[in-house]
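Raw contents of entry-v5.txt, compact mmCIF, N, CA and C atoms:
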```
# COMPACT_ATOMS: atom_id res chain seq x y z
N MET A 144 0.07 3.01 14.24
CA MET A 144 -0.17 1.66 13.84
C MET A 144 -0.42 1.56 12.34
N LEU A 145 -1.44 2.21 11.81
CA LEU A 145 -1.66 2.16 10.36
C LEU A 145 -0.57 2.91 9.61
N THR A 146 -0.14 4.03 10.19
CA THR A 146 0.92 4.80 9.55
C THR A 146 2.19 3.97 9.39
N GLU A 147 2.54 3.23 10.41
CA GLU A 147 3.73 2.39 10.35
C GLU A 147 3.58 1.29 9.31
N TYR A 148 2.39 0.72 9.21
CA TYR A 148 2.12 -0.33 8.21
C TYR A 148 2.28 0.25 6.80
N ILE A 149 1.71 1.43 6.58
CA ILE A 149 1.81 2.07 5.26
C ILE A 149 3.26 2.42 4.96
N GLU A 150 3.98 2.96 5.92
CA GLU A 150 5.39 3.30 5.72
C GLU A 150 6.22 2.05 5.40
N GLU A 151 5.94 0.95 6.07
CA GLU A 151 6.65 -0.30 5.79
C GLU A 151 6.32 -0.79 4.38
N ALA A 152 5.07 -0.68 3.99
CA ALA A 152 4.69 -1.07 2.62
C ALA A 152 5.44 -0.22 1.60
N LEU A 153 5.56 1.08 1.84
CA LEU A 153 6.29 1.96 0.92
C LEU A 153 7.78 1.62 0.89
N ARG A 154 8.34 1.20 2.02
CA ARG A 154 9.76 0.80 2.04
C ARG A 154 9.97 -0.45 1.18
N ARG A 155 8.95 -1.30 1.09
CA ARG A 155 9.06 -2.54 0.32
C ARG A 155 8.71 -2.35 -1.16
N ALA A 156 8.24 -1.18 -1.52
CA ALA A 156 7.83 -0.91 -2.90
C ALA A 156 9.01 -1.05 -3.86
N LYS A 157 8.72 -1.56 -5.02
CA LYS A 157 9.70 -1.68 -6.11
C LYS A 157 9.25 -0.75 -7.22
N TYR A 158 10.20 0.01 -7.74
CA TYR A 158 9.89 0.98 -8.80
C TYR A 158 10.69 0.64 -10.05
N GLU A 159 10.09 0.94 -11.20
CA GLU A 159 10.78 0.74 -12.46
C GLU A 159 10.25 1.75 -13.48
N MET A 160 11.01 1.91 -14.52
CA MET A 160 10.61 2.78 -15.63
C MET A 160 9.91 1.91 -16.67
N ILE A 161 8.79 2.40 -17.19
CA ILE A 161 8.07 1.71 -18.24
C ILE A 161 7.87 2.67 -19.41
N GLU A 162 7.56 2.12 -20.55
CA GLU A 162 7.28 2.97 -21.72
C GLU A 162 5.81 3.31 -21.70
N ASP A 163 5.51 4.49 -21.16
CA ASP A 163 4.14 4.93 -21.00
C ASP A 163 4.13 6.44 -20.83
N GLU A 164 2.97 7.04 -20.94
CA GLU A 164 2.83 8.47 -20.69
C GLU A 164 3.25 8.81 -19.26
N ASP A 165 2.95 7.90 -18.33
CA ASP A 165 3.41 7.99 -16.94
C ASP A 165 4.48 6.92 -16.76
N PRO A 166 5.75 7.29 -16.94
CA PRO A 166 6.81 6.27 -17.05
C PRO A 166 7.28 5.61 -15.75
N TYR A 167 6.85 6.13 -14.61
CA TYR A 167 7.28 5.51 -13.35
C TYR A 167 6.19 4.57 -12.86
N TYR A 168 6.59 3.33 -12.57
CA TYR A 168 5.68 2.29 -12.10
C TYR A 168 6.19 1.79 -10.76
N GLY A 169 5.28 1.65 -9.80
CA GLY A 169 5.65 1.13 -8.50
C GLY A 169 4.62 0.13 -8.01
N GLU A 170 5.09 -0.87 -7.28
CA GLU A 170 4.18 -1.86 -6.71
C GLU A 170 4.73 -2.39 -5.40
N VAL A 171 3.82 -2.93 -4.60
CA VAL A 171 4.19 -3.60 -3.37
C VAL A 171 3.77 -5.05 -3.57
N GLU A 172 4.73 -5.91 -3.81
CA GLU A 172 4.44 -7.30 -4.16
C GLU A 172 3.64 -8.04 -3.10
N GLU A 173 3.88 -7.72 -1.83
CA GLU A 173 3.19 -8.42 -0.74
C GLU A 173 1.71 -8.04 -0.65
N LEU A 174 1.33 -6.92 -1.26
CA LEU A 174 -0.06 -6.46 -1.20
C LEU A 174 -0.68 -6.64 -2.58
N GLU A 175 -1.46 -7.69 -2.72
CA GLU A 175 -2.01 -8.06 -4.02
C GLU A 175 -2.82 -6.92 -4.64
N GLY A 176 -2.48 -6.59 -5.88
CA GLY A 176 -3.20 -5.57 -6.61
C GLY A 176 -2.80 -4.14 -6.31
N VAL A 177 -1.77 -3.94 -5.50
CA VAL A 177 -1.34 -2.59 -5.13
C VAL A 177 -0.21 -2.15 -6.04
N TRP A 178 -0.54 -1.20 -6.93
CA TRP A 178 0.44 -0.63 -7.85
C TRP A 178 0.00 0.77 -8.26
N ALA A 179 0.92 1.54 -8.80
CA ALA A 179 0.62 2.90 -9.24
C ALA A 179 1.61 3.33 -10.31
N VAL A 180 1.25 4.39 -11.03
CA VAL A 180 2.15 4.99 -12.01
C VAL A 180 2.19 6.50 -11.76
N GLY A 181 3.19 7.15 -12.34
CA GLY A 181 3.29 8.60 -12.22
C GLY A 181 4.25 9.18 -13.23
N LYS A 182 4.12 10.48 -13.46
CA LYS A 182 5.03 11.18 -14.38
C LYS A 182 6.42 11.34 -13.76
N THR A 183 6.47 11.38 -12.43
CA THR A 183 7.74 11.45 -11.71
C THR A 183 7.75 10.36 -10.65
N LEU A 184 8.93 10.07 -10.12
CA LEU A 184 9.02 9.06 -9.05
C LEU A 184 8.22 9.52 -7.83
N GLU A 185 8.30 10.80 -7.51
CA GLU A 185 7.57 11.32 -6.35
C GLU A 185 6.06 11.20 -6.55
N GLU A 186 5.59 11.51 -7.74
CA GLU A 186 4.16 11.36 -8.04
C GLU A 186 3.73 9.90 -7.94
N CYS A 187 4.55 9.01 -8.44
CA CYS A 187 4.26 7.58 -8.36
C CYS A 187 4.19 7.14 -6.90
N ARG A 188 5.13 7.58 -6.10
CA ARG A 188 5.15 7.21 -4.67
C ARG A 188 3.92 7.76 -3.95
N ASP A 189 3.56 9.02 -4.23
CA ASP A 189 2.38 9.61 -3.60
C ASP A 189 1.11 8.85 -3.98
N THR A 190 1.00 8.50 -5.26
CA THR A 190 -0.16 7.75 -5.72
C THR A 190 -0.18 6.36 -5.10
N LEU A 191 0.99 5.73 -5.00
CA LEU A 191 1.08 4.41 -4.39
C LEU A 191 0.61 4.46 -2.94
N LYS A 192 0.97 5.50 -2.22
CA LYS A 192 0.53 5.65 -0.84
C LYS A 192 -1.00 5.72 -0.78
N GLU A 193 -1.61 6.48 -1.69
CA GLU A 193 -3.07 6.59 -1.73
C GLU A 193 -3.71 5.23 -2.06
N VAL A 194 -3.09 4.49 -2.97
CA VAL A 194 -3.60 3.17 -3.33
C VAL A 194 -3.54 2.23 -2.12
N ILE A 195 -2.44 2.28 -1.37
CA ILE A 195 -2.31 1.44 -0.17
C ILE A 195 -3.40 1.79 0.83
N GLU A 196 -3.63 3.09 1.04
CA GLU A 196 -4.68 3.51 1.98
C GLU A 196 -6.04 2.99 1.53
N GLY A 197 -6.35 3.11 0.24
CA GLY A 197 -7.61 2.60 -0.29
C GLY A 197 -7.73 1.10 -0.17
N TRP A 198 -6.60 0.40 -0.41
CA TRP A 198 -6.55 -1.05 -0.29
C TRP A 198 -6.87 -1.48 1.14
N ILE A 199 -6.33 -0.75 2.11
CA ILE A 199 -6.60 -1.04 3.52
C ILE A 199 -8.08 -0.79 3.83
N MET A 200 -8.61 0.34 3.37
CA MET A 200 -10.02 0.65 3.64
C MET A 200 -10.95 -0.42 3.04
N LEU A 201 -10.66 -0.86 1.83
CA LEU A 201 -11.46 -1.91 1.21
C LEU A 201 -11.33 -3.21 1.99
N GLY A 202 -10.12 -3.52 2.43
CA GLY A 202 -9.90 -4.72 3.24
C GLY A 202 -10.68 -4.70 4.53
N ILE A 203 -10.75 -3.52 5.15
CA ILE A 203 -11.54 -3.38 6.38
C ILE A 203 -13.01 -3.61 6.07
N LYS A 204 -13.49 -2.98 5.01
CA LYS A 204 -14.90 -3.12 4.63
C LYS A 204 -15.25 -4.58 4.33
N GLU A 205 -14.35 -5.26 3.64
CA GLU A 205 -14.60 -6.65 3.25
C GLU A 205 -14.18 -7.66 4.32
N ASN A 206 -13.61 -7.16 5.42
CA ASN A 206 -13.11 -8.01 6.51
C ASN A 206 -12.06 -9.00 6.01
N ASP A 207 -11.21 -8.53 5.10
CA ASP A 207 -10.12 -9.35 4.56
C ASP A 207 -8.95 -9.40 5.53
N PRO A 208 -8.18 -10.48 5.51
CA PRO A 208 -6.95 -10.53 6.32
C PRO A 208 -5.88 -9.66 5.67
N PHE A 209 -4.98 -9.14 6.47
CA PHE A 209 -3.88 -8.33 5.98
C PHE A 209 -2.57 -9.07 6.21
N PRO A 210 -1.68 -9.07 5.21
CA PRO A 210 -0.39 -9.73 5.42
C PRO A 210 0.48 -8.93 6.39
N LYS A 211 1.27 -9.65 7.13
CA LYS A 211 2.23 -9.02 8.03
C LYS A 211 3.38 -8.49 7.17
N LEU A 212 3.80 -7.26 7.47
CA LEU A 212 4.93 -6.65 6.78
C LEU A 212 6.02 -6.39 7.80
N GLY A 213 7.00 -7.25 7.85
CA GLY A 213 8.05 -7.11 8.87
C GLY A 213 7.44 -7.24 10.25
N ASP A 214 7.64 -6.22 11.08
CA ASP A 214 7.09 -6.22 12.43
C ASP A 214 5.69 -5.62 12.50
N PHE A 215 5.13 -5.23 11.35
CA PHE A 215 3.86 -4.51 11.33
C PHE A 215 2.74 -5.38 10.79
N GLU A 216 1.61 -5.33 11.52
CA GLU A 216 0.50 -6.19 11.18
C GLU A 216 -0.80 -5.51 11.59
N ILE A 217 -1.82 -5.68 10.78
CA ILE A 217 -3.15 -5.27 11.16
C ILE A 217 -3.84 -6.54 11.60
N LYS A 218 -4.02 -6.68 12.92
CA LYS A 218 -4.46 -7.96 13.48
C LYS A 218 -5.96 -8.08 13.68
N GLU A 219 -6.59 -7.06 14.22
CA GLU A 219 -8.00 -7.15 14.56
C GLU A 219 -8.72 -5.89 14.15
N ILE A 220 -9.97 -6.08 13.85
CA ILE A 220 -10.83 -4.93 13.60
C ILE A 220 -12.00 -5.06 14.56
N LYS A 221 -12.13 -4.08 15.46
CA LYS A 221 -13.21 -4.09 16.45
C LYS A 221 -14.03 -2.81 16.24
N GLY A 222 -15.19 -2.95 15.63
CA GLY A 222 -15.99 -1.76 15.35
C GLY A 222 -15.22 -0.86 14.41
N THR A 223 -14.90 0.34 14.88
CA THR A 223 -14.11 1.26 14.06
C THR A 223 -12.67 1.32 14.53
N GLU A 224 -12.32 0.54 15.54
CA GLU A 224 -10.95 0.55 16.07
C GLU A 224 -10.12 -0.55 15.42
N ILE A 225 -8.95 -0.17 14.97
CA ILE A 225 -8.03 -1.14 14.37
C ILE A 225 -6.89 -1.32 15.33
N VAL A 226 -6.63 -2.55 15.68
CA VAL A 226 -5.57 -2.88 16.63
C VAL A 226 -4.43 -3.54 15.86
N SER A 227 -3.23 -3.01 16.02
CA SER A 227 -2.08 -3.65 15.36
C SER A 227 -0.93 -3.78 16.30
```
Mind converting the file's structure to structure tokens?
Amino acid sequence: MLTEYIEEALRRAKYEMIEDEDPYYGEVEELEGVWAVGKTLEECRDTLKEVIEGWIMLGIKENDPFPKLGDFEIKEIKGTEIVS
């Protein structure tokens, strides 16, 4: 359930080259504030995955709603169980 949501978010990620020490930039537009940079595309993608995981954990803590990504949705939080 969470794995599929994260994988769908990564499929929707947009990457570009920027002029920076870490020239690869990636973001998931549907997930507000979710972006990452890296020295390589793979590093950027790995960091982006970590950012998504942290974004989800913060959302759970703050009881924020999660946007639906295609067929994947985080619908309810019951105690420590997440139902999607």
Selection near stretch 186-195 of chain A, 7 Å with only C-alpha atoms, sequence-local residues under 4 positions removed, as a PyMOL selection string: chain A and resi 149+167-169+177-182+199
Please measure the separation of atom CA of A:Ala152 and atom CA of A:Asp207, giving the value in Å to one decimal.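 We find that atom CA of A:Ala152 and atom CA of A:Asp207 lie 17.1 Å from each other.
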Write down as a count of residues only the residues of chain A whose backbone DSSP state falls under alpha helix (DSSP H). 33
Tell me which of A:Leu145, A:Ala156, A:Ile217, A:Leu201 sits closest to A:Glu170, counting all atoms listed in the file.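 Comparing A:Leu145, A:Ala156, A:Ile217, A:Leu201 against A:Glu170, the winner is A:Ala156.
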Would you compute the distance between atom CA of A:Glu172 and atom N of A:Pro210? Give it in Å to one decimal.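 Atom-to-atom, atom CA of A:Glu172 to atom N of A:Pro210, that is 11.3 Å.
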